[in-house]
Structure formats: structure tokens, C-alpha cells
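Undergrad: Pasting in a structure now, in C-alpha cells, and then I'll have a few things to ask.
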Amino acid sequence: MGDVLVYLETERLVLRWFNPDDLDLVIELDSDAEVMRYINDGLPVDLVEVSENLDWWLTRYDRDGGYGFLAMIEKATGRFVGWMHFRPGDGAGPLEPELGYRLRRDAWGRGYASEASRADRQRLHRARRPARLRRDDGGQRRVSPRHGEGRPALCA
């Protein structure tokens with residue numbers, strides 16, 4: 001595995017920057033029809049697109065002032081459970097970051113997204129950086145019933 005740069009740790013998770021060696025993890029996540037159900041009508045993302053997305057994520061760390069896509073690793077097992085991002089939202093300035101996440105199905109319902117987002121907001125607040133969340137509800141999809149039917153997702 002390439003260099004691992006830890007961004008943040010929570011009680012159960014390590015959030016770290018992605019690296020090029022993580023491509024297979026993202027491909028596996030994006031190949032699960034249930035994970036992609038509300039994102040891409042359940043279709044897996046094209047492998048070229050996944051690779052281009054990861055390449056783009058890797059370029060954002062220096063450009064977006066510490067915002068970016070983070071691999072979520074379960075501390076107890078060392079297993080990749082998904083990713084989250086905290087970045088300036090489309091059409092919004094740096095004072096209105098967007099929070100998003102995508103989790104493996106076996107990580108659903110465990111509170112990982114909430115735990116990671118709370119810790120990231122606290123980290124940003126301590127660093128005296130803006131931490132106001134903006135909901136992107138335009139065309140937003142609903143969370144699967146396991147996550148709580150009818151509640152809007154923060155981001156797909």
C-alpha cells in the first residue's frame with residue numbers, strides 16, 4: 001500500500017487521505033448495486049470513471065485547503081468501510097462546505113457516517129475554519145430504508 005496520511009481518528013474509525021493503491025477498494029464499493037441504487041440507478045460505475053474520480057480526489061487535497069475525500073477505515077479490523085468528503089459545495093464558497101459519504105452495505109446502520117462527520121466538523125472548528133454544513137437537497141435521493149426511510153441524505 002502507498003503512503004498513508006491520517007487526517008483524523010474517531011473512536012471506531014481512521015479517516016485518511018486516499019492514495020493510488022486504493023483504486024480496487026473504490027471499484028468494489030461502486031460495483032455494489034445496492035450501494036449505487038440511489039446514485040446511479042444501481043448500475044456499477046465504469047472502471048475508467050472510478051479511476052478518473054480517484055485521480056481527481058488525489059488532486060484536491062492541496063487545492064481545497066484541507067477539504068477532500070477521505071477513506072474510512074474501521075479501527076478494529078483495518079477494513080475499508082467507505083468514504084466521506086467535506087468540500088466546498090457546487091456553486092458555494094468555502095464557507096459552505098458539503099458533506100457526503102458512501103458506505104459498504106455491511107457498514108450501513110452502524111453510525112459511521114455520523115461519527116465521522118461530527119469528528120470532522122469538530123476538527124475544523126478547532127482549527128478555526130468554517131464548519132457550517134450546507135444541505136444539497138436539489139434532486140437529492142432518499143436514504144435506503146435501512147438508514148431511515150424518508151430522511152434526506154446529506155449527499156449521495
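Each chain in the C-alpha cells gets a letter, A, B, ..., in the order shown, and its residues are numbered from 1; ligands are numbered from 1 in order too.
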Do you know which residues are at most 10 Å from segment 23-30 of chain A counting only C-alpha atoms, after dropping those on the same chain fewer than 5 positions away, and could you put them as a compact mmCIF listing (two decimals) with C-alpha atoms, in the first residue's frame?

TA:
# COMPACT_ATOMS: atom_id res chain seq x y z
CA PHE A 18 -6.82 8.26 -0.40
CA VAL A 35 -24.77 0.96 -2.68
CA MET A 36 -25.28 2.58 -6.08
CA ILE A 39 -26.69 7.27 -7.04
CA ASN A 40 -26.51 5.57 -10.41
CA GLY A 42 -27.99 0.62 -9.18
CA LEU A 43 -25.55 0.41 -12.05
CA PRO A 44 -21.87 -0.01 -11.26
CA VAL A 45 -19.69 2.92 -12.19
CA ASP A 46 -17.49 2.38 -15.21
CA LEU A 47 -13.94 1.39 -14.19
CA VAL A 48 -12.43 4.24 -16.17
CA GLU A 49 -14.75 6.69 -14.40
CA VAL A 50 -13.81 5.29 -10.97
CA SER A 51 -10.13 5.66 -11.83
CA GLU A 52 -10.66 9.23 -13.06
CA ASN A 53 -12.64 10.07 -9.91
CA LEU A 54 -9.85 8.78 -7.66
CA ASP A 55 -7.26 10.73 -9.67
CA ALA A 71 -11.11 6.73 3.16
CA ARG A 79 -11.22 -2.80 6.87
CA PHE A 80 -12.24 -0.11 4.35
CA VAL A 81 -15.89 0.71 5.11
CA GLY A 82 -16.37 3.57 2.67
CA TRP A 83 -15.52 7.21 2.16
CA ARG A 102 -20.68 6.34 0.58
CA LEU A 103 -20.51 3.19 2.70
CA ARG A 104 -20.24 -0.50 2.05
CA ARG A 105 -23.52 -2.30 2.73

Undergrad: Could you pull out the residues in segment 7-101 of chain A that DSSP calls alpha helix (DSSP H) from the backbone, as a PDB file with N, CA and C atoms, in the first residue's frame?

TA:
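Final output, out_39.pdb:
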ATOM      1  N   LEU A  23      -7.561   2.182  -5.439  1.00  0.00           N
ATOM      2  CA  LEU A  23      -8.482   2.060  -6.572  1.00  0.00           C
ATOM      3  C   LEU A  23      -9.385   0.841  -6.447  1.00  0.00           C
ATOM      4  N   ASP A  24      -8.848  -0.319  -6.106  1.00  0.00           N
ATOM      5  CA  ASP A  24      -9.665  -1.536  -6.009  1.00  0.00           C
ATOM      6  C   ASP A  24     -10.746  -1.419  -4.938  1.00  0.00           C
ATOM      7  N   LEU A  25     -10.453  -0.708  -3.852  1.00  0.00           N
ATOM      8  CA  LEU A  25     -11.450  -0.512  -2.791  1.00  0.00           C
ATOM      9  C   LEU A  25     -12.637   0.300  -3.304  1.00  0.00           C
ATOM     10  N   VAL A  26     -12.349   1.341  -4.063  1.00  0.00           N
ATOM     11  CA  VAL A  26     -13.414   2.199  -4.595  1.00  0.00           C
ATOM     12  C   VAL A  26     -14.182   1.460  -5.687  1.00  0.00           C
ATOM     13  N   ILE A  27     -13.483   0.688  -6.507  1.00  0.00           N
ATOM     14  CA  ILE A  27     -14.162  -0.103  -7.540  1.00  0.00           C
ATOM     15  C   ILE A  27     -15.122  -1.091  -6.897  1.00  0.00           C
ATOM     16  N   GLU A  28     -14.679  -1.781  -5.850  1.00  0.00           N
ATOM     17  CA  GLU A  28     -15.551  -2.733  -5.162  1.00  0.00           C
ATOM     18  C   GLU A  28     -16.782  -2.036  -4.585  1.00  0.00           C
ATOM     19  N   LEU A  29     -16.586  -0.908  -3.950  1.00  0.00           N
ATOM     20  CA  LEU A  29     -17.703  -0.153  -3.371  1.00  0.00           C
ATOM     21  C   LEU A  29     -18.689   0.270  -4.456  1.00  0.00           C
ATOM     22  N   ASP A  30     -18.180   0.831  -5.536  1.00  0.00           N
ATOM     23  CA  ASP A  30     -19.033   1.346  -6.608  1.00  0.00           C
ATOM     24  C   ASP A  30     -19.606   0.251  -7.497  1.00  0.00           C
ATOM     25  N   LEU A  47     -15.266   1.442 -14.798  1.00  0.00           N
ATOM     26  CA  LEU A  47     -13.940   1.388 -14.185  1.00  0.00           C
ATOM     27  C   LEU A  47     -13.073   2.587 -14.553  1.00  0.00           C
ATOM     28  N   VAL A  48     -13.192   3.060 -15.768  1.00  0.00           N
ATOM     29  CA  VAL A  48     -12.429   4.244 -16.175  1.00  0.00           C
ATOM     30  C   VAL A  48     -12.896   5.451 -15.370  1.00  0.00           C
ATOM     31  N   GLU A  49     -14.207   5.564 -15.176  1.00  0.00           N
ATOM     32  CA  GLU A  49     -14.749   6.686 -14.400  1.00  0.00           C
ATOM     33  C   GLU A  49     -14.284   6.621 -12.939  1.00  0.00           C
ATOM     34  N   VAL A  50     -14.272   5.426 -12.351  1.00  0.00           N
ATOM     35  CA  VAL A  50     -13.807   5.286 -10.973  1.00  0.00           C
ATOM     36  C   VAL A  50     -12.348   5.720 -10.876  1.00  0.00           C
ATOM     37  N   SER A  51     -11.548   5.292 -11.820  1.00  0.00           N
ATOM     38  CA  SER A  51     -10.129   5.661 -11.832  1.00  0.00           C
ATOM     39  C   SER A  51      -9.957   7.170 -11.986  1.00  0.00           C
ATOM     40  N   GLU A  52     -10.729   7.779 -12.875  1.00  0.00           N
ATOM     41  CA  GLU A  52     -10.658   9.235 -13.062  1.00  0.00           C
ATOM     42  C   GLU A  52     -11.124   9.968 -11.810  1.00  0.00           C
ATOM     43  N   ASN A  53     -12.164   9.451 -11.154  1.00  0.00           N
ATOM     44  CA  ASN A  53     -12.643  10.069  -9.909  1.00  0.00           C
ATOM     45  C   ASN A  53     -11.550  10.049  -8.845  1.00  0.00           C
ATOM     46  N   LEU A  54     -10.906   8.891  -8.668  1.00  0.00           N
ATOM     47  CA  LEU A  54      -9.846   8.779  -7.664  1.00  0.00           C
ATOM     48  C   LEU A  54      -8.699   9.731  -7.997  1.00  0.00           C
ATOM     49  N   ASP A  55      -8.315   9.793  -9.264  1.00  0.00           N
ATOM     50  CA  ASP A  55      -7.258  10.726  -9.668  1.00  0.00           C
ATOM     51  C   ASP A  55      -7.649  12.159  -9.315  1.00  0.00           C
ATOM     52  N   TRP A  56      -8.901  12.519  -9.551  1.00  0.00           N
ATOM     53  CA  TRP A  56      -9.377  13.869  -9.247  1.00  0.00           C
ATOM     54  C   TRP A  56      -9.350  14.107  -7.733  1.00  0.00           C
ATOM     55  N   TRP A  57      -9.792  13.108  -6.950  1.00  0.00           N
ATOM     56  CA  TRP A  57      -9.764  13.245  -5.489  1.00  0.00           C
ATOM     57  C   TRP A  57      -8.360  13.529  -5.005  1.00  0.00           C
ATOM     58  N   LEU A  58      -7.384  12.823  -5.590  1.00  0.00           N
ATOM     59  CA  LEU A  58      -5.996  12.981  -5.154  1.00  0.00           C
ATOM     60  C   LEU A  58      -5.455  14.383  -5.444  1.00  0.00           C
ATOM     61  N   THR A  59      -5.984  15.043  -6.453  1.00  0.00           N
ATOM     62  CA  THR A  59      -5.515  16.396  -6.783  1.00  0.00           C
ATOM     63  C   THR A  59      -6.144  17.457  -5.900  1.00  0.00           C
ATOM     64  N   ARG A  60      -7.203  17.138  -5.202  1.00  0.00           N
ATOM     65  CA  ARG A  60      -7.961  18.132  -4.433  1.00  0.00           C
ATOM     66  C   ARG A  60      -7.319  18.471  -3.099  1.00  0.00           C
ATOM     67  N   TYR A  61      -6.534  17.591  -2.518  1.00  0.00           N
ATOM     68  CA  TYR A  61      -6.020  17.809  -1.177  1.00  0.00           C
ATOM     69  C   TYR A  61      -5.241  19.107  -1.057  1.00  0.00           C
ATOM     70  N   ASP A  62      -4.420  19.413  -2.013  1.00  0.00           N
ATOM     71  CA  ASP A  62      -3.635  20.646  -1.960  1.00  0.00           C
ATOM     72  C   ASP A  62      -4.431  21.866  -2.389  1.00  0.00           C
ATOM     73  N   ARG A  63      -5.404  21.676  -3.242  1.00  0.00           N
ATOM     74  CA  ARG A  63      -6.156  22.807  -3.799  1.00  0.00           C
ATOM     75  C   ARG A  63      -7.286  23.301  -2.905  1.00  0.00           C
TER      76      ARG A  63
END

Undergrad: Of the candidates A:Thr10, A:Leu70, A:Asp32, A:Asp90, which one gets nearest to Asp106 of chain A if we count only C-alpha atoms?

TA: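 Of the candidates, the smallest distance to Asp106 of chain A is held by A:Asp32.
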
Undergrad: With only C-alpha atoms as the counted atoms, please give the residues lying no more than 12 Å from Ala116 of chain A, apart from itself and same-chain residues fewer than 3 positions off, as a ChimeraX atom specification.

TA: /A:7-16,70-74,81-86,99-103,110-113,119-123
